[in-house]
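structure34.cif, holding mmCIF, N, CA and C atoms:
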```
data_protein
loop_
_atom_site.label_atom_id
_atom_site.label_comp_id
_atom_site.auth_asym_id
_atom_site.auth_seq_id
_atom_site.Cartn_x
_atom_site.Cartn_y
_atom_site.Cartn_z
N MET A 1 12.42 14.12 23.51
CA MET A 1 11.90 13.34 22.39
C MET A 1 12.29 14.02 21.08
N ASP A 2 12.80 13.26 20.14
CA ASP A 2 13.22 13.81 18.85
C ASP A 2 12.05 13.76 17.88
N SER A 3 11.28 14.85 17.81
CA SER A 3 10.09 14.87 16.96
C SER A 3 10.44 14.88 15.47
N SER A 4 11.63 15.39 15.11
CA SER A 4 12.01 15.40 13.69
C SER A 4 12.17 13.98 13.17
N LYS A 5 12.71 13.10 14.02
CA LYS A 5 12.85 11.71 13.60
C LYS A 5 11.49 11.05 13.44
N ALA A 6 10.58 11.30 14.39
CA ALA A 6 9.25 10.70 14.34
C ALA A 6 8.50 11.15 13.09
N SER A 7 8.68 12.43 12.69
CA SER A 7 7.94 12.93 11.54
C SER A 7 8.48 12.38 10.23
N ASN A 8 9.69 11.82 10.24
CA ASN A 8 10.26 11.26 9.03
C ASN A 8 9.86 9.81 8.81
N VAL A 9 9.17 9.21 9.76
CA VAL A 9 8.74 7.83 9.64
C VAL A 9 7.50 7.76 8.76
N ILE A 10 7.52 6.85 7.80
CA ILE A 10 6.37 6.64 6.92
C ILE A 10 5.53 5.51 7.51
N ARG A 11 4.31 5.87 7.94
CA ARG A 11 3.39 4.90 8.55
C ARG A 11 2.61 4.19 7.44
N VAL A 12 2.65 2.86 7.47
CA VAL A 12 2.12 2.04 6.37
C VAL A 12 1.02 1.10 6.86
N LEU A 13 -0.02 0.99 6.06
CA LEU A 13 -1.05 -0.05 6.22
C LEU A 13 -0.85 -1.05 5.09
N LEU A 14 -0.62 -2.31 5.43
CA LEU A 14 -0.47 -3.38 4.44
C LEU A 14 -1.79 -4.11 4.27
N VAL A 15 -2.23 -4.25 3.02
CA VAL A 15 -3.49 -4.92 2.74
C VAL A 15 -3.26 -6.00 1.68
N ASP A 16 -3.37 -7.24 2.09
CA ASP A 16 -3.22 -8.38 1.18
C ASP A 16 -3.91 -9.57 1.83
N ASP A 17 -4.57 -10.39 1.04
CA ASP A 17 -5.28 -11.53 1.61
C ASP A 17 -4.36 -12.71 1.93
N GLN A 18 -3.10 -12.58 1.62
CA GLN A 18 -2.14 -13.65 1.92
C GLN A 18 -1.19 -13.19 3.03
N PRO A 19 -1.29 -13.80 4.22
CA PRO A 19 -0.43 -13.41 5.34
C PRO A 19 1.06 -13.49 5.01
N LEU A 20 1.45 -14.45 4.20
CA LEU A 20 2.86 -14.59 3.85
C LEU A 20 3.35 -13.38 3.05
N VAL A 21 2.52 -12.86 2.17
CA VAL A 21 2.88 -11.67 1.40
C VAL A 21 3.01 -10.47 2.33
N ARG A 22 2.07 -10.32 3.27
CA ARG A 22 2.17 -9.22 4.23
C ARG A 22 3.45 -9.33 5.05
N ALA A 23 3.81 -10.54 5.45
CA ALA A 23 5.04 -10.74 6.21
C ALA A 23 6.26 -10.36 5.37
N GLY A 24 6.25 -10.71 4.11
CA GLY A 24 7.36 -10.35 3.22
C GLY A 24 7.48 -8.85 3.05
N LEU A 25 6.34 -8.18 2.88
CA LEU A 25 6.37 -6.72 2.75
C LEU A 25 6.88 -6.07 4.04
N SER A 26 6.47 -6.60 5.19
CA SER A 26 6.94 -6.09 6.47
C SER A 26 8.46 -6.26 6.60
N HIS A 27 8.96 -7.33 6.04
CA HIS A 27 10.41 -7.59 6.08
C HIS A 27 11.18 -6.58 5.22
N ILE A 28 10.55 -6.11 4.15
CA ILE A 28 11.20 -5.15 3.24
C ILE A 28 11.07 -3.71 3.77
N LEU A 29 9.87 -3.37 4.25
CA LEU A 29 9.60 -1.99 4.70
C LEU A 29 9.93 -1.88 6.19
N THR A 30 11.19 -1.76 6.48
CA THR A 30 11.68 -1.83 7.86
C THR A 30 11.88 -0.45 8.48
N PRO A 31 11.93 -0.40 9.81
CA PRO A 31 12.25 0.86 10.49
C PRO A 31 13.61 1.43 10.06
N ASP A 32 14.55 0.56 9.72
CA ASP A 32 15.86 1.05 9.27
C ASP A 32 15.76 1.91 8.02
N ASP A 33 14.74 1.63 7.20
CA ASP A 33 14.53 2.41 5.98
C ASP A 33 13.48 3.51 6.16
N GLY A 34 13.04 3.70 7.41
CA GLY A 34 12.11 4.80 7.69
C GLY A 34 10.64 4.43 7.65
N PHE A 35 10.31 3.16 7.78
CA PHE A 35 8.92 2.73 7.71
C PHE A 35 8.45 2.18 9.05
N GLU A 36 7.16 2.34 9.31
CA GLU A 36 6.52 1.69 10.44
C GLU A 36 5.23 1.04 9.92
N ILE A 37 5.13 -0.27 10.04
CA ILE A 37 3.90 -0.96 9.68
C ILE A 37 2.96 -0.79 10.86
N VAL A 38 1.95 0.04 10.71
CA VAL A 38 1.06 0.34 11.84
C VAL A 38 -0.14 -0.59 11.89
N ALA A 39 -0.48 -1.20 10.76
CA ALA A 39 -1.62 -2.12 10.74
C ALA A 39 -1.56 -2.97 9.48
N GLU A 40 -2.28 -4.09 9.55
CA GLU A 40 -2.41 -4.99 8.40
C GLU A 40 -3.88 -5.35 8.25
N ALA A 41 -4.25 -5.72 7.03
CA ALA A 41 -5.63 -6.12 6.74
C ALA A 41 -5.63 -7.20 5.68
N GLY A 42 -6.63 -8.07 5.74
CA GLY A 42 -6.74 -9.17 4.80
C GLY A 42 -7.65 -8.92 3.62
N ASP A 43 -8.39 -7.80 3.65
CA ASP A 43 -9.22 -7.42 2.50
C ASP A 43 -9.56 -5.94 2.62
N GLY A 44 -10.27 -5.42 1.64
CA GLY A 44 -10.56 -4.00 1.61
C GLY A 44 -11.42 -3.52 2.76
N ALA A 45 -12.42 -4.30 3.15
CA ALA A 45 -13.29 -3.90 4.25
C ALA A 45 -12.49 -3.78 5.55
N GLU A 46 -11.62 -4.75 5.78
CA GLU A 46 -10.77 -4.70 6.97
C GLU A 46 -9.81 -3.51 6.89
N ALA A 47 -9.35 -3.18 5.69
CA ALA A 47 -8.46 -2.01 5.52
C ALA A 47 -9.17 -0.74 5.96
N LEU A 48 -10.43 -0.58 5.57
CA LEU A 48 -11.19 0.60 5.96
C LEU A 48 -11.37 0.65 7.48
N GLU A 49 -11.59 -0.50 8.10
CA GLU A 49 -11.68 -0.55 9.56
C GLU A 49 -10.37 -0.12 10.20
N GLN A 50 -9.25 -0.61 9.67
CA GLN A 50 -7.94 -0.26 10.22
C GLN A 50 -7.64 1.23 10.03
N LEU A 51 -8.05 1.80 8.92
CA LEU A 51 -7.82 3.22 8.69
C LEU A 51 -8.57 4.08 9.69
N ALA A 52 -9.73 3.61 10.14
CA ALA A 52 -10.49 4.36 11.14
C ALA A 52 -9.77 4.34 12.50
N LEU A 53 -8.93 3.35 12.72
CA LEU A 53 -8.24 3.19 13.99
C LEU A 53 -6.81 3.74 14.00
N HIS A 54 -6.16 3.74 12.84
CA HIS A 54 -4.74 4.07 12.75
C HIS A 54 -4.47 5.09 11.65
N PRO A 55 -3.90 6.25 12.00
CA PRO A 55 -3.50 7.18 10.95
C PRO A 55 -2.28 6.60 10.21
N VAL A 56 -2.33 6.65 8.89
CA VAL A 56 -1.22 6.15 8.09
C VAL A 56 -0.87 7.17 7.01
N ASP A 57 0.34 7.02 6.48
CA ASP A 57 0.81 7.90 5.41
C ASP A 57 0.61 7.30 4.03
N VAL A 58 0.50 5.97 3.97
CA VAL A 58 0.33 5.28 2.69
C VAL A 58 -0.29 3.90 2.94
N VAL A 59 -1.08 3.47 1.98
CA VAL A 59 -1.67 2.13 2.01
C VAL A 59 -1.06 1.32 0.86
N CYS A 60 -0.49 0.17 1.18
CA CYS A 60 -0.02 -0.77 0.16
C CYS A 60 -1.11 -1.81 0.00
N MET A 61 -1.76 -1.82 -1.17
CA MET A 61 -3.00 -2.55 -1.37
C MET A 61 -2.88 -3.57 -2.49
N ASP A 62 -3.19 -4.83 -2.17
CA ASP A 62 -3.32 -5.85 -3.20
C ASP A 62 -4.56 -5.53 -4.03
N ILE A 63 -4.55 -5.91 -5.29
CA ILE A 63 -5.68 -5.57 -6.16
C ILE A 63 -6.78 -6.64 -6.14
N ARG A 64 -6.39 -7.91 -6.07
CA ARG A 64 -7.38 -8.98 -6.11
C ARG A 64 -7.38 -9.72 -4.78
N MET A 65 -8.50 -9.57 -4.06
CA MET A 65 -8.66 -10.22 -2.76
C MET A 65 -10.08 -10.70 -2.63
N ARG A 66 -10.28 -11.68 -1.76
CA ARG A 66 -11.63 -12.12 -1.42
C ARG A 66 -12.32 -10.98 -0.70
N GLY A 67 -13.62 -10.97 -0.71
CA GLY A 67 -14.35 -9.88 -0.05
C GLY A 67 -14.21 -8.62 -0.88
N MET A 68 -14.00 -7.50 -0.21
CA MET A 68 -13.82 -6.23 -0.92
C MET A 68 -12.42 -6.20 -1.53
N ASP A 69 -12.36 -6.06 -2.86
CA ASP A 69 -11.05 -6.08 -3.53
C ASP A 69 -10.36 -4.72 -3.44
N GLY A 70 -9.15 -4.67 -3.98
CA GLY A 70 -8.34 -3.47 -3.87
C GLY A 70 -8.87 -2.27 -4.64
N ILE A 71 -9.53 -2.52 -5.75
CA ILE A 71 -10.10 -1.41 -6.54
C ILE A 71 -11.23 -0.75 -5.75
N GLU A 72 -12.13 -1.58 -5.23
CA GLU A 72 -13.26 -1.08 -4.45
C GLU A 72 -12.77 -0.34 -3.20
N ALA A 73 -11.80 -0.92 -2.51
CA ALA A 73 -11.27 -0.29 -1.30
C ALA A 73 -10.54 1.01 -1.62
N THR A 74 -9.80 1.04 -2.72
CA THR A 74 -9.09 2.26 -3.12
C THR A 74 -10.09 3.37 -3.42
N ALA A 75 -11.17 3.04 -4.10
CA ALA A 75 -12.21 4.03 -4.39
C ALA A 75 -12.80 4.58 -3.09
N ALA A 76 -13.04 3.71 -2.12
CA ALA A 76 -13.58 4.15 -0.83
C ALA A 76 -12.58 5.04 -0.09
N ILE A 77 -11.31 4.67 -0.11
CA ILE A 77 -10.27 5.48 0.55
C ILE A 77 -10.15 6.84 -0.13
N SER A 78 -10.32 6.89 -1.44
CA SER A 78 -10.24 8.15 -2.18
C SER A 78 -11.33 9.13 -1.77
N GLU A 79 -12.43 8.61 -1.23
CA GLU A 79 -13.55 9.44 -0.79
C GLU A 79 -13.34 10.01 0.61
N ILE A 80 -12.36 9.51 1.35
CA ILE A 80 -12.10 9.97 2.71
C ILE A 80 -11.38 11.31 2.66
N ASP A 81 -11.87 12.30 3.41
CA ASP A 81 -11.19 13.59 3.49
C ASP A 81 -9.79 13.37 4.03
N ASN A 82 -8.80 13.88 3.33
CA ASN A 82 -7.39 13.72 3.71
C ASN A 82 -6.99 12.26 3.88
N GLY A 83 -7.62 11.39 3.09
CA GLY A 83 -7.27 9.97 3.13
C GLY A 83 -5.87 9.75 2.60
N PRO A 84 -5.25 8.67 3.03
CA PRO A 84 -3.88 8.40 2.59
C PRO A 84 -3.83 7.95 1.13
N PRO A 85 -2.72 8.18 0.46
CA PRO A 85 -2.57 7.67 -0.90
C PRO A 85 -2.44 6.15 -0.89
N VAL A 86 -2.83 5.55 -2.00
CA VAL A 86 -2.80 4.09 -2.13
C VAL A 86 -1.81 3.70 -3.21
N LEU A 87 -0.94 2.75 -2.86
CA LEU A 87 -0.04 2.11 -3.81
C LEU A 87 -0.59 0.72 -4.05
N ILE A 88 -1.03 0.45 -5.26
CA ILE A 88 -1.54 -0.88 -5.61
C ILE A 88 -0.35 -1.79 -5.88
N LEU A 89 -0.38 -2.97 -5.28
CA LEU A 89 0.63 -4.01 -5.50
C LEU A 89 -0.08 -5.22 -6.09
N THR A 90 0.42 -5.73 -7.20
CA THR A 90 -0.26 -6.84 -7.85
C THR A 90 0.71 -7.73 -8.61
N THR A 91 0.27 -8.94 -8.84
CA THR A 91 1.01 -9.86 -9.70
C THR A 91 0.51 -9.77 -11.12
N PHE A 92 -0.60 -9.06 -11.33
CA PHE A 92 -1.24 -9.01 -12.63
C PHE A 92 -0.74 -7.82 -13.44
N ASP A 93 0.04 -8.11 -14.47
CA ASP A 93 0.61 -7.08 -15.32
C ASP A 93 -0.29 -6.89 -16.54
N ASP A 94 -1.43 -6.22 -16.32
CA ASP A 94 -2.33 -5.99 -17.45
C ASP A 94 -2.91 -4.59 -17.39
N ASP A 95 -3.27 -4.08 -18.56
CA ASP A 95 -3.78 -2.71 -18.66
C ASP A 95 -5.09 -2.53 -17.91
N GLU A 96 -5.94 -3.55 -17.89
CA GLU A 96 -7.22 -3.44 -17.22
C GLU A 96 -7.04 -3.18 -15.72
N ALA A 97 -6.09 -3.90 -15.10
CA ALA A 97 -5.81 -3.70 -13.68
C ALA A 97 -5.28 -2.30 -13.44
N LEU A 98 -4.37 -1.85 -14.29
CA LEU A 98 -3.79 -0.51 -14.14
C LEU A 98 -4.86 0.56 -14.28
N VAL A 99 -5.67 0.48 -15.31
CA VAL A 99 -6.71 1.48 -15.54
C VAL A 99 -7.71 1.49 -14.39
N GLY A 100 -8.12 0.31 -13.92
CA GLY A 100 -9.05 0.22 -12.80
C GLY A 100 -8.48 0.86 -11.55
N ALA A 101 -7.20 0.61 -11.28
CA ALA A 101 -6.55 1.17 -10.10
C ALA A 101 -6.49 2.69 -10.18
N LEU A 102 -6.09 3.21 -11.33
CA LEU A 102 -5.97 4.66 -11.48
C LEU A 102 -7.34 5.34 -11.44
N GLU A 103 -8.33 4.73 -12.06
CA GLU A 103 -9.69 5.29 -12.02
C GLU A 103 -10.24 5.31 -10.60
N ALA A 104 -9.84 4.34 -9.78
CA ALA A 104 -10.30 4.28 -8.39
C ALA A 104 -9.58 5.30 -7.51
N GLY A 105 -8.50 5.89 -8.02
CA GLY A 105 -7.80 6.92 -7.28
C GLY A 105 -6.44 6.52 -6.74
N ALA A 106 -5.91 5.38 -7.17
CA ALA A 106 -4.58 4.96 -6.71
C ALA A 106 -3.53 5.97 -7.16
N ALA A 107 -2.57 6.22 -6.28
CA ALA A 107 -1.46 7.12 -6.60
C ALA A 107 -0.30 6.36 -7.22
N GLY A 108 -0.33 5.03 -7.11
CA GLY A 108 0.76 4.24 -7.65
C GLY A 108 0.34 2.83 -7.96
N PHE A 109 1.15 2.18 -8.79
CA PHE A 109 0.87 0.82 -9.26
C PHE A 109 2.20 0.12 -9.41
N ALA A 110 2.41 -0.94 -8.64
CA ALA A 110 3.68 -1.66 -8.70
C ALA A 110 3.42 -3.16 -8.76
N LEU A 111 4.28 -3.84 -9.49
CA LEU A 111 4.17 -5.29 -9.59
C LEU A 111 4.91 -5.93 -8.42
N LYS A 112 4.36 -7.03 -7.94
CA LYS A 112 4.97 -7.74 -6.81
C LYS A 112 6.31 -8.36 -7.19
N GLU A 113 6.61 -8.42 -8.47
CA GLU A 113 7.91 -8.94 -8.90
C GLU A 113 9.00 -7.87 -8.84
N ALA A 114 8.65 -6.66 -8.43
CA ALA A 114 9.63 -5.58 -8.34
C ALA A 114 10.69 -5.92 -7.29
N SER A 115 11.83 -5.29 -7.41
CA SER A 115 12.88 -5.49 -6.42
C SER A 115 12.49 -4.79 -5.12
N ALA A 116 13.14 -5.19 -4.04
CA ALA A 116 12.90 -4.56 -2.75
C ALA A 116 13.20 -3.06 -2.83
N GLU A 117 14.27 -2.71 -3.52
CA GLU A 117 14.65 -1.29 -3.65
C GLU A 117 13.57 -0.50 -4.39
N ASP A 118 13.00 -1.10 -5.44
CA ASP A 118 11.93 -0.41 -6.18
C ASP A 118 10.68 -0.26 -5.32
N LEU A 119 10.37 -1.27 -4.53
CA LEU A 119 9.21 -1.18 -3.64
C LEU A 119 9.41 -0.05 -2.63
N ILE A 120 10.59 0.02 -2.05
CA ILE A 120 10.89 1.09 -1.09
C ILE A 120 10.73 2.45 -1.75
N ARG A 121 11.28 2.61 -2.94
CA ARG A 121 11.16 3.89 -3.66
C ARG A 121 9.70 4.20 -4.00
N ALA A 122 8.94 3.18 -4.38
CA ALA A 122 7.53 3.39 -4.72
C ALA A 122 6.74 3.87 -3.51
N VAL A 123 6.94 3.22 -2.37
CA VAL A 123 6.21 3.61 -1.16
C VAL A 123 6.63 5.01 -0.73
N GLN A 124 7.91 5.32 -0.80
CA GLN A 124 8.37 6.66 -0.45
C GLN A 124 7.76 7.72 -1.38
N ALA A 125 7.73 7.42 -2.68
CA ALA A 125 7.19 8.39 -3.65
C ALA A 125 5.72 8.66 -3.39
N VAL A 126 4.95 7.60 -3.21
CA VAL A 126 3.51 7.76 -3.01
C VAL A 126 3.22 8.43 -1.67
N ALA A 127 3.93 8.03 -0.62
CA ALA A 127 3.73 8.64 0.69
C ALA A 127 4.08 10.12 0.67
N GLY A 128 5.03 10.50 -0.18
CA GLY A 128 5.46 11.89 -0.29
C GLY A 128 4.58 12.73 -1.21
N GLY A 129 3.50 12.17 -1.70
CA GLY A 129 2.58 12.93 -2.54
C GLY A 129 2.83 12.76 -4.03
N GLY A 130 3.79 11.91 -4.39
CA GLY A 130 4.07 11.67 -5.79
C GLY A 130 3.29 10.49 -6.34
N ALA A 131 3.69 10.07 -7.50
CA ALA A 131 3.05 8.93 -8.16
C ALA A 131 4.11 7.90 -8.49
N TRP A 132 3.67 6.67 -8.73
CA TRP A 132 4.59 5.61 -9.12
C TRP A 132 3.87 4.66 -10.06
N LEU A 133 4.44 4.44 -11.21
CA LEU A 133 3.91 3.44 -12.14
C LEU A 133 5.06 2.54 -12.53
N ASP A 134 4.90 1.25 -12.26
CA ASP A 134 5.92 0.30 -12.67
C ASP A 134 6.07 0.36 -14.17
N PRO A 135 7.31 0.32 -14.66
CA PRO A 135 7.51 0.37 -16.12
C PRO A 135 6.87 -0.82 -16.81
#
```
Rewritten as structure tokens:
Amino acid sequence: MDSSKASNVIRVLLVDDQPLVRAGLSHILTPDDGFEIVAEAGDGAEALEQLALHPVDVVCMDIRMRGMDGIEATAAISEIDNGPPVLILTTFDDDEALVGALEAGAAGFALKEASAEDLIRAVQAVAGGGAWLDP
């Protein structure tokens, strides 16, 4: 077994209330680029349940969802010992969303209008312990 290859895989939890968006993100974050989608969730509460079941390296989190939203879920994930970093993905390009995400403990903030290449770089940066802020 090639453990070096396995350790280079970035395990991702996708959280978005729209299944079509999750499917699109899964299409972009492929094994060919070093990603494994280990779980999906439709809201923040479900994301916390999935985190209890699946170790991940990064959470890609929508900001506005029914039920527990992305800000609330990010704050909860930030309280977990050795919890994964969160990359907020949103269609809302406003300072209030950005400030709320960062105050909740998000390591990154990207707009859903970003290119596939930028999304890949953002997830890699956040999973690697860095930060990402869409320009």
Step one, run DSSP on the backbone; step two, keep only residues of chain A assigned to helix (DSSP H, G or I); then write them as a count of residues only.
59
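Residues surrounding A:Ala106 within 6.5 Å are Thr74, Pro85, Val86, Leu87, Ile88, Ala101, Leu102, Glu103, Ala104, Gly108 and Phe109 of chain A [all atoms listed in the file; sequence separation below 2 positions excluded].
Minimum atom-to-atom distances from A:Val12, A:Leu20, A:Ile37, A:Ala45 to A:Gly70 were compared using all atoms listed in the file, and the lowest value belongs to A:Ala45.
Using only C-alpha atoms, the shortest contact distance between A:Asp62 and any of A:Asp32, A:Ala75, A:Gly83, A:Ala110 is found at A:Ala110.
The gap separating atom CA of A:Leu98 from atom N of A:Ile71 is 10.4 Å, in Å to one decimal.
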Could you spell out the hits of the PyMOL selection byres ((chain A and resi 132) around 6.5) on the shown file, as a CSV table (one decimal) with N, CA and C atoms, in the coordinates of the input?
```
chain,number,residue,atom,x,y,z
A,107,ALA,N,-2.6,6.2,-6.3
A,107,ALA,CA,-1.5,7.1,-6.6
A,107,ALA,C,-0.3,6.4,-7.2
A,108,GLY,N,-0.3,5.0,-7.1
A,108,GLY,CA,0.8,4.2,-7.6
A,108,GLY,C,0.3,2.8,-8.0
A,109,PHE,N,1.2,2.2,-8.8
A,109,PHE,CA,0.9,0.8,-9.3
A,109,PHE,C,2.2,0.1,-9.4
A,110,ALA,N,2.4,-0.9,-8.6
A,110,ALA,CA,3.7,-1.7,-8.7
A,110,ALA,C,3.4,-3.2,-8.8
A,122,ALA,N,8.9,3.2,-4.4
A,122,ALA,CA,7.5,3.4,-4.7
A,122,ALA,C,6.7,3.9,-3.5
A,125,ALA,N,7.7,7.4,-2.7
A,125,ALA,CA,7.2,8.4,-3.6
A,125,ALA,C,5.7,8.7,-3.4
A,126,VAL,N,5.0,7.6,-3.2
A,126,VAL,CA,3.5,7.8,-3.0
A,126,VAL,C,3.2,8.4,-1.7
A,130,GLY,N,3.8,11.9,-4.4
A,130,GLY,CA,4.1,11.7,-5.8
A,130,GLY,C,3.3,10.5,-6.3
A,131,ALA,N,3.7,10.1,-7.5
A,131,ALA,CA,3.0,8.9,-8.2
A,131,ALA,C,4.1,7.9,-8.5
A,133,LEU,N,4.4,4.4,-11.2
A,133,LEU,CA,3.9,3.4,-12.1
A,133,LEU,C,5.1,2.5,-12.5
A,134,ASP,N,4.9,1.2,-12.3
A,134,ASP,CA,5.9,0.3,-12.7
A,134,ASP,C,6.1,0.4,-14.2
```
Please list as number ranges by chain every residue within 7 Å of A:Lys112, counting only N, CA and C atoms and excluding residues in the same chain fewer than 5 positions away.
A: 89-92
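Coordinates place atom C of A:Asp81 at a distance of 25.1 Å from atom CA of A:Leu119.
When only C-alpha atoms are used to compute distances to A:Gly128, the closest of the residues A:Ala41, A:Val9, A:Ala23, A:Val99 turns out to be A:Val9.
Separating atom N of A:Arg11 from atom N of A:Glu36 is a distance of 4.7 Å.
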Which of stretch 34-122 of chain A fall in strand (DSSP E), as a ChimeraX atom specification:
/A:35-41,58-62,86-90,108-111
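Distance check against A:Asp17 using all atoms listed in the file: of A:Asp118, A:Asp43, A:Asp93, A:Asp33, the minimum falls on A:Asp43.
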Do a neighbour search on A:Leu13 at 12 Å with only C-alpha atoms, toss out local chain neighbours closer than 5 positions, and write the hits as number ranges by chain.
A: 22, 25-26, 29, 35-44, 46-62, 84-88, 123, 127
